[in-house]
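Structure data follow from structure-v2.csv (CSV, C-alpha atoms):
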```
chain,number,residue,atom,x,y,z
A,1,GLY,CA,3.5,14.6,-15.0
A,2,LEU,CA,3.5,12.1,-12.3
A,3,ILE,CA,5.6,14.3,-10.0
A,4,PRO,CA,3.7,17.5,-9.3
A,5,VAL,CA,5.3,20.9,-8.9
A,6,GLY,CA,4.4,23.3,-6.2
A,7,PRO,CA,2.8,22.5,-2.9
A,8,ASP,CA,1.5,19.1,-3.8
A,9,ARG,CA,5.1,17.9,-4.7
A,10,TRP,CA,6.1,16.9,-1.2
A,11,ARG,CA,2.7,15.3,-0.4
A,12,ALA,CA,3.0,13.2,-3.5
A,13,LEU,CA,6.6,12.1,-2.7
A,14,THR,CA,5.7,11.4,0.9
A,15,LEU,CA,2.8,9.3,-0.2
A,16,GLN,CA,5.1,7.4,-2.5
A,17,ALA,CA,7.5,6.9,0.4
A,18,LEU,CA,4.7,5.6,2.6
A,19,ALA,CA,3.6,3.2,-0.1
A,20,ASP,CA,7.2,2.0,-0.7
A,21,GLY,CA,7.5,1.4,3.1
A,22,CYS,CA,4.4,-0.8,3.0
A,23,MET,CA,6.0,-2.7,0.2
A,24,ASP,CA,9.3,-3.0,2.1
A,25,ALA,CA,7.5,-4.4,5.1
A,26,GLY,CA,5.4,-6.6,2.9
A,27,VAL,CA,8.5,-8.1,1.3
A,28,VAL,CA,9.8,-9.1,4.7
A,29,VAL,CA,6.5,-10.8,5.5
A,30,ARG,CA,6.6,-12.6,2.2
A,31,VAL,CA,10.1,-13.8,2.6
A,32,VAL,CA,9.3,-15.2,6.1
A,33,GLN,CA,6.1,-16.8,4.8
A,34,LEU,CA,8.2,-18.7,2.2
A,35,LYS,CA,10.4,-20.2,4.8
A,36,ASP,CA,9.9,-23.7,6.1
A,37,GLU,CA,7.2,-23.6,8.8
A,38,ALA,CA,9.7,-24.5,11.5
A,39,ARG,CA,11.9,-21.5,10.6
A,40,ARG,CA,9.1,-18.9,10.4
A,41,ASP,CA,9.2,-16.2,13.0
A,42,LEU,CA,5.5,-15.3,13.5
A,43,ALA,CA,6.4,-12.3,15.7
A,44,ASP,CA,8.4,-10.9,12.8
A,45,ILE,CA,5.4,-11.4,10.5
A,46,LYS,CA,3.1,-9.7,13.0
A,47,ALA,CA,5.5,-6.8,13.5
A,48,HIS,CA,5.8,-6.0,9.8
A,49,GLN,CA,2.0,-6.5,9.3
A,50,ALA,CA,1.4,-4.0,12.1
A,51,LYS,CA,3.7,-1.5,10.4
A,52,ILE,CA,1.8,-1.8,7.1
A,53,GLY,CA,-1.5,-1.5,9.1
A,54,ARG,CA,-0.4,1.7,10.8
A,55,ALA,CA,0.7,3.3,7.5
A,56,LEU,CA,-2.7,2.4,5.9
A,57,ASP,CA,-4.5,3.8,9.0
A,58,VAL,CA,-2.7,7.1,8.6
A,59,LEU,CA,-3.7,7.4,5.0
A,60,ASP,CA,-7.4,6.5,5.8
A,61,ARG,CA,-7.6,8.8,8.8
A,62,ASP,CA,-6.3,12.0,7.0
A,63,GLU,CA,-8.3,12.7,3.8
A,64,ARG,CA,-5.6,15.1,2.6
A,65,TRP,CA,-3.4,12.1,1.6
A,66,LEU,CA,-5.9,10.8,-0.9
A,67,ALA,CA,-7.3,14.1,-2.2
A,68,CYS,CA,-4.6,15.6,-4.3
A,69,GLY,CA,-5.0,13.9,-7.7
A,70,PHE,CA,-3.2,11.0,-9.4
A,71,HIS,CA,0.6,11.3,-9.2
A,72,VAL,CA,3.6,9.2,-8.3
A,73,GLY,CA,2.4,8.7,-4.8
A,74,ALA,CA,-1.1,7.6,-5.8
A,75,LEU,CA,0.4,5.2,-8.4
A,76,ALA,CA,2.8,3.7,-5.8
A,77,LEU,CA,-0.1,3.3,-3.3
A,78,VAL,CA,-2.4,1.5,-5.8
A,79,CYS,CA,0.4,-0.8,-6.8
A,80,ALA,CA,1.2,-1.5,-3.1
A,81,ILE,CA,-2.4,-2.3,-2.2
A,82,GLU,CA,-2.7,-4.6,-5.3
A,83,TRP,CA,0.5,-6.4,-4.3
A,84,LEU,CA,-0.5,-6.7,-0.6
A,85,ILE,CA,-3.8,-8.3,-1.7
A,86,PHE,CA,-2.3,-10.5,-4.3
A,87,ARG,CA,0.4,-11.9,-2.0
A,88,GLU,CA,-2.0,-12.1,1.0
A,89,ILE,CA,0.4,-10.1,3.1
A,90,LEU,CA,-2.5,-8.9,5.3
A,91,PRO,CA,-5.9,-10.7,5.6
A,92,ASP,CA,-7.6,-7.6,4.1
A,93,PRO,CA,-5.6,-4.4,3.9
A,94,LEU,CA,-8.7,-2.3,3.2
A,95,ASP,CA,-10.9,-3.7,6.0
A,96,GLY,CA,-11.9,-0.9,8.4
A,97,ARG,CA,-10.5,1.7,6.1
A,98,PRO,CA,-13.5,3.2,4.3
A,99,ARG,CA,-11.7,6.3,2.8
A,100,LEU,CA,-8.9,4.2,1.5
A,101,THR,CA,-11.3,1.6,0.2
A,102,GLN,CA,-13.3,4.2,-1.7
A,103,TRP,CA,-10.1,5.8,-3.1
A,104,TYR,CA,-8.7,2.5,-4.1
A,105,ALA,CA,-11.9,1.4,-5.9
A,106,ALA,CA,-11.9,4.7,-7.9
A,107,ASN,CA,-8.2,4.6,-8.8
A,108,ARG,CA,-7.6,0.9,-9.5
A,109,GLU,CA,-9.7,1.1,-12.7
A,110,ARG,CA,-7.6,3.7,-14.4
A,111,PRO,CA,-6.8,2.6,-17.9
A,112,ALA,CA,-3.1,2.6,-17.5
A,113,LEU,CA,-3.3,0.4,-14.5
A,114,LEU,CA,-5.8,-2.0,-16.1
A,115,SER,CA,-3.5,-2.4,-19.1
A,116,SER,CA,-0.5,-3.3,-17.0
A,117,ARG,CA,-2.3,-5.6,-14.5
A,118,PRO,CA,-1.0,-9.2,-14.7
A,119,GLY,CA,-3.2,-11.8,-16.4
```

Translate the structure described by the file into structure tokens.
Amino acid sequence: GLIPVGPDRWRALTLQALADGCMDAGVVVRVVQLKDEARRDLADIKAHQAKIGRALDVLDRDERWLACGFHVGALALVCAIEWLIFREILPDPLDGRPRLTQWYAANRERPALLSSRPG
């Protein structure tokens, strides 16, 4: 299943939480981006973008996060990266993150993800 049993369980659930945190911060950025320009708080955007960047850096730096198969955490991370790119939350969430870039390229083409990707 998507939630492993045994030692990989907490890694998968923690990865899911990190991906969810990226999405949470991304939603804040998106809401602020949608405000009238006079009401946008650029410091708030930058702070939340930095949170996302730090989380992605952790995942890129430690290969163990991306090396334990496809599970709920990997699914959440692929979806988060797709959404960050689609909504232009960061200029390029994969820039300077070679491990994450390679992992994403390999996993984004999974048939289940392709069949559920919007138009």

Q.
Here is a test: counting only C-alpha atoms, which residue of A:Thr101, A:Gln33, A:Ser116, A:Asn107 is nearest to Leu56 of chain A?
A. A:Thr101

**Q.** Close residues, Gln16 of chain A itself excluded, 7 Å, all atoms listed in the file, min 4 positions apart in chain, as number ranges by chain
**A.** A: 12, 20, 72-73, 76-77

Q) Could you state the separation of atom CA of His71 of chain A and atom CA of Leu2 of chain A in Å, given to one decimal place? A) 4.3 Å

Applying 10 Å and all atoms listed in the file, which residues near Ala74 of chain A remain after dropping the ones on its own chain fewer than 3 positions away? List them as a PDB file with C-alpha atoms, keeping the file's coordinate frame.
```pdb
ATOM      1  CA  LEU A   2       3.500  12.100 -12.300  1.00  0.00           C
ATOM      2  CA  ALA A  12       3.000  13.200  -3.500  1.00  0.00           C
ATOM      3  CA  LEU A  13       6.600  12.100  -2.700  1.00  0.00           C
ATOM      4  CA  LEU A  15       2.800   9.300  -0.200  1.00  0.00           C
ATOM      5  CA  GLN A  16       5.100   7.400  -2.500  1.00  0.00           C
ATOM      6  CA  ALA A  19       3.600   3.200  -0.100  1.00  0.00           C
ATOM      7  CA  TRP A  65      -3.400  12.100   1.600  1.00  0.00           C
ATOM      8  CA  LEU A  66      -5.900  10.800  -0.900  1.00  0.00           C
ATOM      9  CA  ALA A  67      -7.300  14.100  -2.200  1.00  0.00           C
ATOM     10  CA  CYS A  68      -4.600  15.600  -4.300  1.00  0.00           C
ATOM     11  CA  GLY A  69      -5.000  13.900  -7.700  1.00  0.00           C
ATOM     12  CA  PHE A  70      -3.200  11.000  -9.400  1.00  0.00           C
ATOM     13  CA  HIS A  71       0.600  11.300  -9.200  1.00  0.00           C
ATOM     14  CA  LEU A  77      -0.100   3.300  -3.300  1.00  0.00           C
ATOM     15  CA  VAL A  78      -2.400   1.500  -5.800  1.00  0.00           C
ATOM     16  CA  CYS A  79       0.400  -0.800  -6.800  1.00  0.00           C
ATOM     17  CA  ALA A  80       1.200  -1.500  -3.100  1.00  0.00           C
ATOM     18  CA  TRP A 103     -10.100   5.800  -3.100  1.00  0.00           C
ATOM     19  CA  TYR A 104      -8.700   2.500  -4.100  1.00  0.00           C
ATOM     20  CA  ASN A 107      -8.200   4.600  -8.800  1.00  0.00           C
TER      21      ASN A 107
END
```

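Residues in contact with Leu84 of chain A at 10 Å, where all atoms listed in the file are counted and same-chain residues fewer than 4 positions away are skipped, are listed as Cys22, Met23, Gly26, Val27, Arg30, Ile52, Val78, Cys79, Ala80, Glu88, Ile89, Leu90, Pro91, Asp92 and Pro93 of chain A.
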
Suppose we keep C-alpha atoms; can you now write the selection as a PDB file, in the frame of the given file?
```pdb
ATOM      1  CA  CYS A  22       4.400  -0.800   3.000  1.00  0.00           C
ATOM      2  CA  MET A  23       6.000  -2.700   0.200  1.00  0.00           C
ATOM      3  CA  GLY A  26       5.400  -6.600   2.900  1.00  0.00           C
ATOM      4  CA  VAL A  27       8.500  -8.100   1.300  1.00  0.00           C
ATOM      5  CA  ARG A  30       6.600 -12.600   2.200  1.00  0.00           C
ATOM      6  CA  ILE A  52       1.800  -1.800   7.100  1.00  0.00           C
ATOM      7  CA  VAL A  78      -2.400   1.500  -5.800  1.00  0.00           C
ATOM      8  CA  CYS A  79       0.400  -0.800  -6.800  1.00  0.00           C
ATOM      9  CA  ALA A  80       1.200  -1.500  -3.100  1.00  0.00           C
ATOM     10  CA  GLU A  88      -2.000 -12.100   1.000  1.00  0.00           C
ATOM     11  CA  ILE A  89       0.400 -10.100   3.100  1.00  0.00           C
ATOM     12  CA  LEU A  90      -2.500  -8.900   5.300  1.00  0.00           C
ATOM     13  CA  PRO A  91      -5.900 -10.700   5.600  1.00  0.00           C
ATOM     14  CA  ASP A  92      -7.600  -7.600   4.100  1.00  0.00           C
ATOM     15  CA  PRO A  93      -5.600  -4.400   3.900  1.00  0.00           C
TER      16      PRO A  93
END
```

Which residues come within 9 Å of Arg97 of chain A, counting all atoms listed in the file, excluding same-chain residues fewer than 6 positions away, as a short mmCIF file (atom, residue, chain, number, x, y, z; two decimals) with C-alpha atoms, in the coordinates of the input?
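Wrote it out as out-v2.cif, contents follow:
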```cif
data_model
loop_
_atom_site.label_atom_id
_atom_site.label_comp_id
_atom_site.auth_asym_id
_atom_site.auth_seq_id
_atom_site.Cartn_x
_atom_site.Cartn_y
_atom_site.Cartn_z
CA LEU A 56 -2.70 2.40 5.90
CA ASP A 57 -4.50 3.80 9.00
CA LEU A 59 -3.70 7.40 5.00
CA ASP A 60 -7.40 6.50 5.80
CA ARG A 61 -7.60 8.80 8.80
#
```

Q.
Could you check the closest approach to Arg108 of chain A for each of A:Ala38, A:Gly1, A:Ile81, A:Val58 and tell me which residue wins, using all atoms listed in the file?
A. A:Ile81

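Using all atoms listed in the file for every distance, the candidate list A:Arg117, A:Arg99, A:His48, A:Arg87 yields A:His48 as the residue closest to Val29 of chain A.
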